[in-house]
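The block underneath contains the structure these notes are about, expressed in structure tokens.
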Amino acid sequence: QYNKAIEFYKKFNLLPSTTAPGLKPEANYNIGYCYWNKAEQFNQNDNQPKRLEMLKKAIAAFGLFTQSNPPSDQKKADAYMRIGDGYFVNKDNLEAINFYKKAIALRSGYEDQALYYMAKTYGYMGGKSSEKISKLLDIINNYPKSKYLMVAIKEVAETYKGIGQFDKALPYYNKIIHDYPNSTLVVDAKINVANIHFKQGKHAQAEQEYLKILE
């Protein structure tokens, strides 16, 4: 019923400006989510061209909402996140980062999520490993209850390993092992610890770590 909802909200927005002016920004916010949900449906049906088309329309609607000076910073931050995500999917990395930064600036509860997706965006950009790591470390150091904490630790370890900074990767793999002993990430972390020791020529240590995996 998303098409009918969009039609209704658009008709509402065409009413005279004196008619419920405070509700018109909400209409744009809701239009944004209608297009966003349509994009998700097209994604599930593996229709990427239509998905990207719907995301662009969602970005436009959320943009109208944020420009209307809405009273709720939380909704405004949410709209910034959706705009950032839309640009992220469209591979417009600089615009995605710009809107994630706007969401962070509002301090309305989306900071850790925005930092995580900023880090992911930097990860897709060449030569931005230090920026990616910086955002992930921000989560690790400042948001201890974040649902992105464990995956941020993993990403820091993987990024350091990917650029050959093995000594910096090790503490984060070990952090996964010690802080999340029941996680499915633990076996991979142990393997990476062993592999790093082996690459560094610490064969006895590597052997001990490989044996721990087999226990």
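We label chains A, B, ... in the order they appear in the structure tokens, count residues from 1 in each chain, and number ligands from 1 in the order shown.
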
Problem set entry | Ser129 in chain A surroundings by only C-alpha atoms, 12 Å radius, close-in-sequence under 2 positions cut, as a list in words | Met118, Ala119, Lys120, Thr121, Tyr122, Gly123, Tyr124, Met125, Gly126, Gly127, Glu131, Lys132, Ile133, Ser134, Lys135, Leu136, Glu155, Val156, Ala157, Glu158, Thr159, Tyr160, Lys161, Gly162, Ile163, Gly164 and Gln165 of chain A

Write a file of the selected residues as a PDB file, in the first residue's frame, keeping C-alpha atoms.
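See out07.pdb below for the written result:
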ATOM      1  CA  MET A 118      31.074   6.221   8.271  1.00  0.00           C
ATOM      2  CA  ALA A 119      33.779   3.643   8.935  1.00  0.00           C
ATOM      3  CA  LYS A 120      32.213   1.268   6.402  1.00  0.00           C
ATOM      4  CA  THR A 121      32.073   4.088   3.865  1.00  0.00           C
ATOM      5  CA  TYR A 122      35.744   4.939   4.398  1.00  0.00           C
ATOM      6  CA  GLY A 123      36.474   1.238   3.975  1.00  0.00           C
ATOM      7  CA  TYR A 124      35.188   1.404   0.415  1.00  0.00           C
ATOM      8  CA  MET A 125      37.349   4.413  -0.380  1.00  0.00           C
ATOM      9  CA  GLY A 126      40.958   3.891  -1.356  1.00  0.00           C
ATOM     10  CA  GLY A 127      43.622   5.047   1.084  1.00  0.00           C
ATOM     11  CA  GLU A 131      39.910   7.331   8.853  1.00  0.00           C
ATOM     12  CA  LYS A 132      38.038   4.026   9.032  1.00  0.00           C
ATOM     13  CA  ILE A 133      39.998   2.916  12.080  1.00  0.00           C
ATOM     14  CA  SER A 134      39.512   6.292  13.760  1.00  0.00           C
ATOM     15  CA  LYS A 135      35.706   6.026  13.559  1.00  0.00           C
ATOM     16  CA  LEU A 136      35.726   2.442  14.813  1.00  0.00           C
ATOM     17  CA  GLU A 155      36.803  -4.422  11.866  1.00  0.00           C
ATOM     18  CA  VAL A 156      39.705  -2.651  13.582  1.00  0.00           C
ATOM     19  CA  ALA A 157      41.583  -5.963  13.789  1.00  0.00           C
ATOM     20  CA  GLU A 158      40.831  -6.821  10.163  1.00  0.00           C
ATOM     21  CA  THR A 159      41.791  -3.374   8.917  1.00  0.00           C
ATOM     22  CA  TYR A 160      45.106  -3.356  10.768  1.00  0.00           C
ATOM     23  CA  LYS A 161      45.816  -6.849   9.461  1.00  0.00           C
ATOM     24  CA  GLY A 162      44.891  -5.773   5.929  1.00  0.00           C
ATOM     25  CA  ILE A 163      47.462  -2.977   5.944  1.00  0.00           C
ATOM     26  CA  GLY A 164      50.125  -5.206   7.476  1.00  0.00           C
ATOM     27  CA  GLN A 165      50.129  -3.666  10.973  1.00  0.00           C
TER      28      GLN A 165
END

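The shell of residues at most 9 Å from Lys57 in chain A, with only C-alpha atoms counted and near chain neighbours (fewer than 6 positions) removed, consists of Ile31, Gly32, Tyr35 and Trp36 of chain A.
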
For this session: List every residue of chain A that DSSP, applied to the backbone, labels as helix (DSSP H, G or I), and write the result as a PyMOL selection string.
Result: chain A and resi 2-13+21-44+48-66+73-89+93-105+111-123+129-142+149-162+166-179+186-199+203-214

At a cut-off of 7 Å, using only C-alpha atoms, what residues contact Tyr33 in chain A? Leave out same-chain residues fewer than 4 positions from it and give the result as a short mmCIF file (atom, residue, chain, number, x, y, z; two decimals) with C-alpha atoms, in the first residue's frame.
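Output saved as selection-v1.cif:
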data_model
loop_
_atom_site.label_atom_id
_atom_site.label_comp_id
_atom_site.auth_asym_id
_atom_site.auth_seq_id
_atom_site.Cartn_x
_atom_site.Cartn_y
_atom_site.Cartn_z
CA TYR A 29 9.17 12.18 6.51
CA ASN A 37 10.43 0.51 2.21
CA ALA A 58 13.56 8.70 -0.40
#

Per residue of range 127-151 of chain A within 9 Å of range 90-113 of chain A, note the shortest atom pair and the distance in Å to one decimal, counting only C-alpha atoms, and order the rows by chain and increasing residue number, as a tab-separated table.
residue	atom	partner	partner_atom	distance
A:Leu136	CA	A:Asp112	CA	9.0
A:Asp138	CA	A:Asp112	CA	8.2
A:Ile139	CA	A:Asp112	CA	5.9
A:Asn142	CA	A:Asp112	CA	8.8
A:Tyr143	CA	A:Asp112	CA	6.8
A:Ser146	CA	A:Asp112	CA	6.6
A:Lys147	CA	A:Asp112	CA	8.5
A:Tyr148	CA	A:Gln113	CA	7.2
A:Leu149	CA	A:Asp112	CA	8.7

Problem set entry | Given only C-alpha atoms as the counted atoms, nearest of A:Asp167, A:Ile140, A:Asn28, A:Ala39 to Leu14 in chain A | A:Asn28

Seminar exercise, completed: Leu211 in chain A proximity check over A:Arg51, A:Lys190, A:Lys76, A:Lys24, using only C-alpha atoms: winner is A:Lys190

Taking 4 positions as the minimum chain separation for residues in the same chain, which residues sit within 8 Å of range 194-206 of chain A when counting only C-alpha atoms? Answer as a short mmCIF file (atom, residue, chain, number, x, y, z; two decimals) with C-alpha atoms, in the first residue's frame.
data_model
loop_
_atom_site.label_atom_id
_atom_site.label_comp_id
_atom_site.auth_asym_id
_atom_site.auth_seq_id
_atom_site.Cartn_x
_atom_site.Cartn_y
_atom_site.Cartn_z
CA PHE A 166 50.00 -7.04 12.71
CA LEU A 170 46.62 -8.64 17.68
CA LYS A 190 42.03 -17.36 17.17
CA TYR A 210 46.79 -23.49 16.51
#

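Taking CA of Asn69 in chain A and CA of Lys38 in chain A as endpoints, the distance between them is 25.9 Å.
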
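Here CA of Leu115 in chain A stands at a distance of 28.0 Å from CA of Asp46 in chain A.
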
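Taking CA of Lys4 in chain A and CA of Pro49 in chain A as endpoints, the distance between them is 21.7 Å.
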
For this session: May I have the residues within 12 Å of Gly22 in chain A as a VMD selection string, using only C-alpha atoms and disregarding those fewer than 4 positions away in the same chain?
Result: chain A and resid 12 to 13 17 to 18 26 to 28 65 68 to 72
